[in-house]
Amino acid sequence: MLTQLRKIIQEVNNAADLNEVLQLVTREVKEAINTQAASIFLVDQHRSEYVLMATCGLNAAAVGKVRLKLSQGLVGLVGQREEPINIKNAHLHPNFYPDPRVEEERYKAFLGVPIIHRRILQGVLIVQEEQERCYDEEEEAFLVTLCAQLSSVIAHAKVMGVIEGITAINEKIAARDIVTYKGIPCVAGVGIGDAVVIYPQADLQAVPDRRADNIAAEKSLFNDALQATREDIKKLAERLKESLPEEELLLFDVYLKMLDNNNIGYDVISEIEKGQWAQGALRTVIQRHAMQFAAMEDDYLRERITDIKDLGRRVLFYLQEKQWDNITYSEQTILIGDDISAAHLAEVPEGCLAGIVSGKGSGNSHVAILARALGIPTVMGVQDLQLVKVENKKVIVDGYYGHVYIDPTLHLQREFANLAREEQEMTADLQDLRDKLAETIDGHSIDLYVNMGMAIDASLAMSVGAGGVGLYRSEMCFMNRDRFPTEDEQYGIYRQLLAAFHPRPVAMRTLDIGGDKVLPYFPMNDANPYLGWRGIRVTLDHPELFLAQIRAMLRASIGMDSLGILLPMISTISELEEAQHLISRAYHELLEENLTPNKPRVGVMLEVPSAVWQTNAIAKRVDFMSVGSNDLTQYILAVDRGNSKVSGLYDCLHPAVLSALKHCVDSAHKEQKPISICGEMASDPVSVILLLAMGFDSLSINSSSLLKVKWVIRQFRLSFAKQLLEEIMTYESPAFIRFRLEQALDDAGLGGLIRAGKR
Ligand code: PEP
Ligand code: MG
């Protein structure tokens with residue numbers, strides 16, 4: 001059955017549209033479990049009804065016409081219970097509801113399985129036969145497994161309006177509706193602009209159909225890509241000549257044959273000549289070949305699907321290489337893609353980015369953090385984005401609620417433009433606080449620093465009166481290039497930063513790659529990237545990279561006494577000691593070269609639970625510490641910070657996280673060492689009162705949130721904040737803690753701030 005399951009899923013992935021998927025599933029299921037009828041009902045959300053969408057064994061003419069209420073019949077019961085129902089004789093069941101149009105009276109045995117995607121019921125798959133019997137356990141398990149896999153395909157297709165399109169009435173509803181997507185609101189604000197779609201690289205499935213503007217140019221593009229792929233394969237074969245047996249090497253010849261002019265190459269050129277662009281033609285041909293292999297009985301030949309797809313991806317990679325140069329950004333660009341990365345942001349010309357929409361990621365992904373620093377409205381974790389349909393459309397990004405409107409009416413655009421104006425006015429009002437202290441009513445003041453990653457946010461930091469840089473994410477200048485920056489290149493960037501803020505302190509974090517931050521030119525391929533080769537672990541394994549970066553930082557700081565070096569992802573004392581040893585080595589090397597850097601202050605990011613519980617040992621060895629609450633929250637709660645499926649569990653106000661923070665501050669102060677916090681929670685007005693009460697010496701926050709945070713601090717007494725902290729530490733639920741903190745802000749007259757953050 002596993003083989004049959006794989007075959008069905010393979011075919012589903014290659015199917016052209018939802019109707020084809022549903023038809024082939026009913027056909028294959030009927031055959032796989034040797035039964036007489038298999039049918040699929042899907043939920044029409046607009047009318048809260050089931051629609052018979054496909055059948056193999058019932059009356060085919062009823063497809064698209066027969067509708068059931070959600071509580072009607074055995075199908076309704078399966079959906080309501082959200083579990084399989086397996087009945088020997090359906091006629092005897094009180095819920096049996098034979099619709100004469102379906103022609104199912106002759107069937108007795110019934111097994112229905114719900115199709116559920118992310119807790120939402122999509123439909124029900126049923127199988128039936130004349131003989132009275134219960135389907136066996138294996139058959140039931142087969143259908144449950146199939147439905148679980150099918151559910152995401154169906155959820156995806158619903159956005160395309162396929163289901164809605166099945167009746168005339170729904171067609172009208174769909175035509176009137178503006179396509180709206182829902183995701184996680186990551187950066188508050190409204191962005192209105194033109195969609196620039198970023199397609200996944202080398203993903204054949206994601207390639208859209210497009211007419212070729214110039215057939216000759218597409219053909220030549222394809223021939224170049226084909227040639228480059230052939231060269232790659234030849235080089236690979238050459239490299240593996242010594243280590244692979246003869247018969248394995250023959251496989252490379254097979255690949256080259258597949259690509260030659262009588263095979264895939266010929267087919268793709270024919271498709272281009274019909275008017276498709278090269279990428280679309282390649283996708284069509286590879287899918288066609290994969291389908292042919294999928295239908296083969298021979299296991300070995302069927303396995304060759306993987307090779308076909310791999311070859312397709314390789315050619316696509318070369319076709320897409322040129323694509324980057326051809327993107328045109330409008331003055332109000334909304335970046336939309338399945339997985340928008342920090343590198344994509346860096347490509348948009350300065351001042352042109354108006355919004356971000358991403359299929360993957362959540363509020364704590366690095367791209368969201370960067371967007372927040374830049375004040376760009378962002379929605380992430382948007383399921384089932386139909387990229388092709390969004391291309392070149394007007395888009396509204398509502399970063400307050402996490403909604404994205406495609407091709408909105410002028411009326412809606414005006415409403416959102418008004419909202420954006422109100423937000424700007426509120427920010428302008430806060431500008432008066434720029435030169436005032438972040439001081440409580442009873443005279444306790446705290447330093448407010450900024451987090452920085454891209455050069456473009458330096459001016460913003462200055463305009464809000466930042467006291468320095470609490471975290472400079474140096475990896476950003478490693479991301480937007482195609483090789484590691486040289487020591488001199490780094491020197492130029494760091495010098496500019498230190499000079500811009502001088503004499504204010506700047507904490508520069510050493511290269512922190514891994515997790516969701518990968519460099520295009522330095523593949524890491526960790527199966528479990530957040531627990532793998534990340535941060536200091538990478539740079540200690542590559543002392544040449546670490547030393548070049550430290551030397552660049554030290555050279556950049558000459559004549560200025562403001563540099564702090566911050567070490568990310570420290571999880572054991574030996575890592576800290578090794579890093580300190582290398583820093584000292586770089587320092588002495590420079591002295592020997594007759595340069596005169598100051599000894600830098602060295603600090604550690606506390607962002608791994610083991611470091612929290614060794615804060616005092618770390619504090620003894622360093623000059624300062626900074627809590628990375630973004631990672632600390634993910635590691636304490638075991639919740640991947642970038643995974644939208646579990647983003648509901650990610651909460652820095654979890655009591656376990658709060659206890660860890662308190663422990664860090666107390667331990668640091670016992671050793672008389674200053675401690676800061678640079679995770680996103682420091683930028684959240686709701687958390688600020690707690691951080692103040694815990695005793696953090698400084699907060700490092702997004703430039704765009706700095707004035708709001710200052711406003712909050714200036715409305716409270718430290719004595720009240722401490723009382724509130726004591727109360728909060730007795731609570732067990734993160735949701736209740738947030739509620740209580742919001743209440744406190746509301747009582748202090750800051751309710752508008754909470755509402756603005758959530759509107
Ligand atoms: C953190 O983990 O809180 C942090 C500031 O670092 P980053 O978000 O860059 O991982
Ligand atoms: Mg971190």
# chains A, B, ... in the order shown; residues from 1 in each chain; ligands from 1
$ residues_near_ligand --ligand "ligand 1" --cutoff "7 Å" --atoms "only C-alpha atoms and all ligand atoms" --output "VMD selection string"
chain A and resid 366 473 607 627 to 632 678 to 680
$ select_by_dssp --residues "stretch 340-458 of chain A" --states "alpha helix (DSSP H)" --output "PyMOL selection string"
chain A and resi 342-347+366-374+387-390+410-430+458
$ closest_residue --among "A:Thr378, A:Gln614, A:Ser365, A:Ser705" --to "ligand 2" --atoms "only C-alpha atoms and all ligand atoms"
A:Ser365
$ select_by_dssp --residues "stretch 458-695 of chain A" --states "strand (DSSP E or B)" --output "NGL selection string"
:A and (469-473 or 506-509 or 514 or 517 or 519 or 522 or 563-567 or 601-606 or 624-627 or 675-677)
$ write_last_selection --atoms "N, CA and C atoms" --output "short mmCIF file (atom, residue, chain, number, x, y, z; two decimals), in the first residue's frame"
data_model
loop_
_atom_site.label_atom_id
_atom_site.label_comp_id
_atom_site.auth_asym_id
_atom_site.auth_seq_id
_atom_site.Cartn_x
_atom_site.Cartn_y
_atom_site.Cartn_z
N VAL A 469 24.68 51.78 19.75
CA VAL A 469 24.19 50.56 19.10
C VAL A 469 24.38 49.40 20.07
N GLY A 470 23.29 48.77 20.44
CA GLY A 470 23.38 47.65 21.40
C GLY A 470 23.62 46.33 20.71
N LEU A 471 23.28 46.29 19.42
CA LEU A 471 23.53 45.07 18.64
C LEU A 471 23.68 45.45 17.18
N TYR A 472 24.87 45.21 16.64
CA TYR A 472 25.05 45.35 15.19
C TYR A 472 25.16 43.94 14.63
N ARG A 473 24.18 43.55 13.81
CA ARG A 473 24.16 42.20 13.25
C ARG A 473 25.11 42.18 12.03
N VAL A 506 29.18 51.12 20.49
CA VAL A 506 28.65 50.26 19.43
C VAL A 506 29.06 48.82 19.74
N ALA A 507 28.07 47.95 19.96
CA ALA A 507 28.38 46.53 20.20
C ALA A 507 28.24 45.78 18.89
N MET A 508 29.38 45.33 18.37
CA MET A 508 29.36 44.61 17.08
C MET A 508 29.37 43.11 17.34
N ARG A 509 28.36 42.47 16.83
CA ARG A 509 28.32 41.02 17.02
C ARG A 509 29.11 40.34 15.91
N GLY A 514 23.79 30.62 10.11
CA GLY A 514 23.16 29.36 10.51
C GLY A 514 21.70 29.65 10.83
N LYS A 517 19.67 32.09 8.63
CA LYS A 517 20.57 33.03 7.94
C LYS A 517 21.67 32.25 7.25
N LEU A 519 24.37 32.00 3.89
CA LEU A 519 25.04 32.78 2.88
C LEU A 519 24.98 32.01 1.56
N PHE A 522 28.04 29.89 0.91
CA PHE A 522 28.63 29.07 1.96
C PHE A 522 27.58 28.07 2.46
N LEU A 563 34.14 50.63 20.84
CA LEU A 563 33.81 49.30 20.31
C LEU A 563 33.59 48.26 21.41
N GLY A 564 32.50 47.51 21.27
CA GLY A 564 32.29 46.30 22.08
C GLY A 564 32.16 45.14 21.11
N ILE A 565 32.75 44.00 21.44
CA ILE A 565 32.61 42.83 20.55
C ILE A 565 31.68 41.83 21.24
N LEU A 566 30.64 41.44 20.52
CA LEU A 566 29.60 40.60 21.12
C LEU A 566 29.65 39.21 20.46
N LEU A 567 29.66 38.16 21.29
CA LEU A 567 29.81 36.80 20.76
C LEU A 567 28.46 36.07 20.80
N ARG A 601 36.01 46.08 24.56
CA ARG A 601 35.20 45.41 25.59
C ARG A 601 34.63 44.15 24.92
N VAL A 602 34.63 43.05 25.64
CA VAL A 602 34.10 41.80 25.06
C VAL A 602 32.84 41.39 25.82
N GLY A 603 31.80 41.04 25.06
CA GLY A 603 30.53 40.65 25.68
C GLY A 603 29.99 39.36 25.09
N VAL A 604 29.01 38.80 25.77
CA VAL A 604 28.42 37.54 25.32
C VAL A 604 26.92 37.70 25.19
N MET A 605 26.37 37.11 24.11
CA MET A 605 24.92 37.04 23.97
C MET A 605 24.43 35.88 24.83
N LEU A 606 23.47 36.14 25.70
CA LEU A 606 22.87 35.05 26.47
C LEU A 606 21.61 34.65 25.71
N PHE A 624 30.60 42.74 29.45
CA PHE A 624 29.16 43.00 29.43
C PHE A 624 28.42 41.82 28.83
N MET A 625 27.10 41.80 29.01
CA MET A 625 26.30 40.72 28.43
C MET A 625 25.02 41.29 27.83
N SER A 626 24.48 40.56 26.88
CA SER A 626 23.23 41.02 26.28
C SER A 626 22.35 39.80 26.03
N VAL A 627 21.10 39.88 26.49
CA VAL A 627 20.22 38.72 26.32
C VAL A 627 19.60 38.76 24.93
N ILE A 675 24.21 44.48 32.06
CA ILE A 675 23.49 43.54 31.20
C ILE A 675 22.40 44.28 30.42
N SER A 676 22.31 43.93 29.14
CA SER A 676 21.33 44.56 28.25
C SER A 676 20.43 43.46 27.69
N ILE A 677 19.42 43.86 26.94
CA ILE A 677 18.60 42.86 26.23
C ILE A 677 18.37 43.40 24.82
#
$ residues_around --residues "stretch 227-239 of chain A" --least-positions-apart "6" --cutoff "8 Å" --atoms "only C-alpha atoms" --output "JSON, numbers by chain"
{"A": [249, 252, 255, 256, 259, 314, 315, 318]}
$ atom_distance --atom1 "atom CA of A:Ser151" --atom2 "atom CA of A:His403"
22.8 Å
$ residues_around --residues "A:Asn89" --least-positions-apart "4" --cutoff "7 Å" --atoms "only C-alpha atoms" --output "list in words"
Lys108, Ala109 and Glu132 of chain A
$ write_last_selection --atoms "C-alpha atoms" --output "mmCIF file, in the first residue's frame"
data_model
loop_
_atom_site.group_PDB
_atom_site.id
_atom_site.type_symbol
_atom_site.label_atom_id
_atom_site.label_comp_id
_atom_site.auth_asym_id
_atom_site.auth_seq_id
_atom_site.Cartn_x
_atom_site.Cartn_y
_atom_site.Cartn_z
ATOM 1 C CA LYS A 108 -24.156 -0.822 1.816
ATOM 2 C CA ALA A 109 -20.563 -0.754 3.097
ATOM 3 C CA GLU A 132 -22.231 -5.692 3.580
#
$ closest_residue --among "A:Leu745, A:Ser659, A:Asp260, A:Glu727" --to "A:Val686" --atoms "only C-alpha atoms"
A:Leu745
$ residues_around --residues "A:Asn598" --least-positions-apart "5" --cutoff "10 Å" --atoms "only C-alpha atoms" --output "number ranges by chain"
A: 554-555, 557-563, 587, 591
$ atom_distance --atom1 "atom CA of A:His542" --atom2 "atom CA of A:Pro600"
21.3 Å
$ residues_around --residues "stretch 524-529 of chain A" --least-positions-apart "5" --cutoff "8 Å" --atoms "only C-alpha atoms" --output "PyMOL selection string"
chain A and resi 514-516+518+534
$ decode --residues "stretch 644-681 of chain A" --atoms "N, CA and C atoms" --output "compact mmCIF listing (two decimals), in the first residue's frame"
# COMPACT_ATOMS: atom_id res chain seq x y z
N SER A 644 5.81 29.00 11.03
CA SER A 644 4.48 29.58 11.25
C SER A 644 3.50 28.57 11.86
N LYS A 645 3.79 27.27 11.71
CA LYS A 645 2.85 26.28 12.25
C LYS A 645 2.83 26.30 13.77
N VAL A 646 3.95 26.70 14.38
CA VAL A 646 4.00 26.69 15.85
C VAL A 646 4.12 28.10 16.42
N SER A 647 3.88 29.10 15.57
CA SER A 647 4.12 30.47 16.05
C SER A 647 3.20 30.83 17.21
N GLY A 648 2.06 30.14 17.31
CA GLY A 648 1.14 30.42 18.42
C GLY A 648 1.74 30.03 19.76
N LEU A 649 2.74 29.16 19.74
CA LEU A 649 3.35 28.72 21.01
C LEU A 649 4.53 29.58 21.41
N TYR A 650 5.00 30.39 20.46
CA TYR A 650 6.19 31.20 20.71
C TYR A 650 5.77 32.45 21.48
N ASP A 651 6.19 32.57 22.73
CA ASP A 651 5.78 33.74 23.50
C ASP A 651 6.86 34.08 24.53
N CYS A 652 7.47 35.26 24.35
CA CYS A 652 8.55 35.63 25.26
C CYS A 652 8.01 36.00 26.64
N LEU A 653 6.69 36.10 26.77
CA LEU A 653 6.14 36.37 28.11
C LEU A 653 5.79 35.07 28.84
N HIS A 654 6.25 33.95 28.32
CA HIS A 654 6.05 32.67 29.02
C HIS A 654 6.77 32.77 30.37
N PRO A 655 6.14 32.28 31.45
CA PRO A 655 6.79 32.40 32.77
C PRO A 655 8.19 31.81 32.80
N ALA A 656 8.43 30.74 32.04
CA ALA A 656 9.77 30.13 32.06
C ALA A 656 10.80 31.10 31.47
N VAL A 657 10.41 31.84 30.44
CA VAL A 657 11.34 32.80 29.84
C VAL A 657 11.57 33.96 30.82
N LEU A 658 10.51 34.42 31.45
CA LEU A 658 10.66 35.54 32.39
C LEU A 658 11.59 35.16 33.54
N SER A 659 11.44 33.92 34.07
CA SER A 659 12.35 33.52 35.17
C SER A 659 13.79 33.50 34.70
N ALA A 660 13.99 33.02 33.46
CA ALA A 660 15.37 32.97 32.94
C ALA A 660 15.95 34.38 32.85
N LEU A 661 15.13 35.34 32.37
CA LEU A 661 15.62 36.72 32.23
C LEU A 661 16.02 37.28 33.59
N LYS A 662 15.15 37.03 34.56
CA LYS A 662 15.40 37.56 35.91
C LYS A 662 16.70 36.97 36.46
N HIS A 663 16.87 35.67 36.21
CA HIS A 663 18.07 35.00 36.69
C HIS A 663 19.33 35.63 36.05
N CYS A 664 19.26 35.92 34.75
CA CYS A 664 20.41 36.52 34.05
C CYS A 664 20.77 37.86 34.69
N VAL A 665 19.76 38.70 34.92
CA VAL A 665 20.04 40.04 35.45
C VAL A 665 20.66 39.92 36.85
N ASP A 666 20.05 39.10 37.69
CA ASP A 666 20.55 38.98 39.07
C ASP A 666 21.99 38.46 39.08
N SER A 667 22.27 37.46 38.22
CA SER A 667 23.62 36.88 38.22
C SER A 667 24.64 37.87 37.70
N ALA A 668 24.26 38.64 36.67
CA ALA A 668 25.20 39.63 36.11
C ALA A 668 25.52 40.68 37.17
N HIS A 669 24.50 41.12 37.86
CA HIS A 669 24.72 42.19 38.84
C HIS A 669 25.51 41.71 40.05
N LYS A 670 25.38 40.42 40.36
CA LYS A 670 26.20 39.88 41.45
C LYS A 670 27.68 40.03 41.13
N GLU A 671 28.00 39.95 39.86
CA GLU A 671 29.41 40.13 39.44
C GLU A 671 29.68 41.58 39.01
N GLN A 672 28.75 42.45 39.31
CA GLN A 672 28.86 43.87 38.93
C GLN A 672 29.15 44.09 37.44
N LYS A 673 28.47 43.31 36.61
CA LYS A 673 28.63 43.47 35.17
C LYS A 673 27.32 43.99 34.57
N PRO A 674 27.42 44.94 33.61
CA PRO A 674 26.19 45.46 33.00
C PRO A 674 25.52 44.43 32.08
N ILE A 675 24.21 44.48 32.06
CA ILE A 675 23.49 43.54 31.20
C ILE A 675 22.40 44.28 30.42
N SER A 676 22.31 43.93 29.14
CA SER A 676 21.33 44.56 28.25
C SER A 676 20.43 43.46 27.69
N ILE A 677 19.42 43.86 26.94
CA ILE A 677 18.60 42.86 26.23
C ILE A 677 18.37 43.40 24.82
N CYS A 678 18.64 42.55 23.82
CA CYS A 678 18.55 43.05 22.44
C CYS A 678 17.57 42.27 21.59
N GLY A 679 16.82 41.33 22.19
CA GLY A 679 15.79 40.61 21.42
C GLY A 679 14.60 41.53 21.19
N GLU A 680 13.68 41.05 20.37
CA GLU A 680 12.54 41.87 19.97
C GLU A 680 11.65 42.28 21.14
N MET A 681 11.67 41.51 22.23
CA MET A 681 10.76 41.86 23.33
C MET A 681 11.10 43.23 23.92
